[in-house]
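These notes are about the structure you will find just below.
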Amino acid sequence: MAEKFRNPKLSASSKTWLREHWEDHYVRQAQKDGYRSRAAYKLLEINEKDQIILPGMTVVDLGSAPGSWSQIVARLVGASSEKSGGRVVASDILPMDALPGVSFIQGDFREEGVFEQILGAIAGVPVDLVISDIAPNMSGTSADQPRAIHLCELALDMAVRVLKPGGDFVVKVFQGEGYDEYRKAVQARFKVLKTRKPQASRPRSPEVYLLARDFRG
């Protein structure tokens with residue numbers, strides 16, 4: 001394991017990040033539990049607290065790669081069971097290995113063609129839940145926060161376009177410039193808005209998850 005940190009081409013900060021990553025409890029637990037990333041435990045904790053994922057639901061997962069959230073949702077809605085009728089449609093710019101019961105569309109959902117593919121995969125079934133763990137590649141500059149908020153705005157727009165009245169929306173947001181305005185925009189569309197900071201979120205990270213419930217339609 002120590003060999004991972006001895007690459008002379010890596011910067012000191014990169015070596016520190018790698019060391020923290022491989023020593024992270026949730027990274028090790030995800031490997032043990034068969035999840036594709038540590039992000040799985042963020043959604044598991046939110047669902048344990050709020051019971052947002054139920055058998056038979058239709059769920060859209062935005063920014064799904066590498067697929068840990070889709071893994072959880074597919075199991076809980078029963079997407080691989082014809083009896084339950086659950087359905088998961090996942091989308092990301094990045095590729096994602098196939099998962100049982102998950103329809104994956106690779107591409108930018110802001111593009112009309114990709115959006116139409118998502119609608120086609122939903123096949124006219126009302127969407128109960130939209131989840132988004134999207135984040136931009138962080139450069140460490142002041143441009144990161146506006147880009148992150150913009151992605152959240154796009155996820156909200158998608159949720160508004162596909163959710164059925166009474167549906168729910170979970171989105172990762174970074175606190176900072178534009179956060180309060182974004183909260184207000186979400187609150188205007190849903191009857192209930194809660195903030196969640198799962199234990200699997202690194203304490204120093206400004207990320208929180210907004211859980212918006214009961215879409216006004």
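Identifiers for the structure tokens are assigned positionally: chains receive A, B, ... in sequence, residues are indexed from 1 per chain, and ligands are indexed from 1 in the order shown.
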
If you count only C-alpha atoms, which residues fall within 10 Å of A:Ala185, apart from same-chain ones fewer than 6 positions away, as a PDB file with N, CA and C atoms, in the first residue's frame?
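Contents of part-v4.pdb, as written:
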ATOM      1  N   GLU A 153     -28.355  23.705 -10.070  1.00  0.00           N
ATOM      2  CA  GLU A 153     -29.497  24.337 -10.738  1.00  0.00           C
ATOM      3  C   GLU A 153     -30.002  23.464 -11.887  1.00  0.00           C
ATOM      4  N   LEU A 156     -31.935  20.581 -10.440  1.00  0.00           N
ATOM      5  CA  LEU A 156     -33.262  21.023 -10.023  1.00  0.00           C
ATOM      6  C   LEU A 156     -34.178  21.155 -11.230  1.00  0.00           C
ATOM      7  N   TYR A 179     -25.352  29.580  -2.374  1.00  0.00           N
ATOM      8  CA  TYR A 179     -26.038  28.494  -1.669  1.00  0.00           C
ATOM      9  C   TYR A 179     -27.409  28.923  -1.152  1.00  0.00           C
TER      10      TYR A 179
END

(request) Name the residues in contact with A:Glu177 at a cut-off of 10 Å, using only C-alpha atoms, excluding same-chain residues fewer than 4 positions from it; report them as a list of chain:residue names. (result) A:Ser142, A:Gln145, A:Pro146, A:Ile149, A:Glu181, A:Tyr182

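Taking only C-alpha atoms, the non-local environment of A:Tyr41 within 10 Å (same-chain residues fewer than 3 positions away omitted) comprises Tyr26, Val27, Gln29, Ala30, Tyr35, Ser37, Arg38, Leu44, Glu45, Ile46, Asn47, Ser68, Trp69, Ile72, Pro198, Gln199, Ala200 and Ser201 of chain A.
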
(request) Could you give me, as a list in words, the residues within 6 Å of stretch 134-138 of chain A, counting only C-alpha atoms and dropping anything in the same chain fewer than 3 positions from it? (result) Gly63, Asp144 and Ala148 of chain A

Could you write out the selected residues, including C-alpha atoms, as a PDB file, in the first residue's frame?
ATOM      1  CA  GLY A  63     -24.195  12.050 -11.996  1.00  0.00           C
ATOM      2  CA  ASP A 144     -15.390  25.983  -8.309  1.00  0.00           C
ATOM      3  CA  ALA A 148     -21.026  23.575  -8.479  1.00  0.00           C
TER       4      ALA A 148
END

(request) Select from stretch 63-193 of chain A everything DSSP, run on the backbone, classes as alpha helix (DSSP H), then give the selection as a ChimeraX atom specification. (result) /A:68-77,112-122,144-162,179-189

(message) Considering only C-alpha atoms, can you say which of A:Val59, A:Ala65, A:Ala121, A:Ala79 comes closest to A:Met96?
(response)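 The closest residue to A:Met96 is A:Ala65.
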
(request) Would you return as an NGL selection string the members of stretch 19-84 of chain A that DSSP assigns to strand (DSSP E or B) on this structure's backbone? (result) :A and (58-62)

(message) When you look at A:Cys152 with a cut-off of 8 Å (counting only C-alpha atoms), what residues show up, excluding the ones that are within fewer than 5 positions of it in the same chain? I need them as a VMD selection string.
(response) chain A and resid 134 171 to 173

(request) Tell me which protein, DNA and RNA residues are within 8 Å of A:Pro126, counting only C-alpha atoms, leaving out same-chain ones fewer than 2 positions away, and put them as a VMD selection string. (result) chain A and resid 58 122 124 128 162 to 164

Nearby residues (only C-alpha atoms) at most 6 Å from A:Ser64, same-chain spacing under 3 positions excluded, as a compact mmCIF listing (two decimals) with C-alpha atoms, in the first residue's frame:
# COMPACT_ATOMS: atom_id res chain seq x y z
CA ASP A 61 -29.94 9.15 -10.61
CA GLY A 67 -22.67 3.72 -9.60
CA ALA A 90 -29.05 6.66 -14.29
CA SER A 91 -27.07 9.19 -16.29
CA ASP A 92 -23.54 10.58 -16.29

(message) Measuring between only C-alpha atoms, which one of A:Asp97, A:Glu207, A:Glu111, A:Glu116 shows the shortest distance to A:Lys42?
(response)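 Among A:Asp97, A:Glu207, A:Glu111, A:Glu116, it is A:Glu207 that comes nearest to A:Lys42.
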
(message) Report, in Å with one decimal, the straight-line distance from atom CA of A:Gly120 to atom CA of A:Gly107.
(response) 14.3 Å
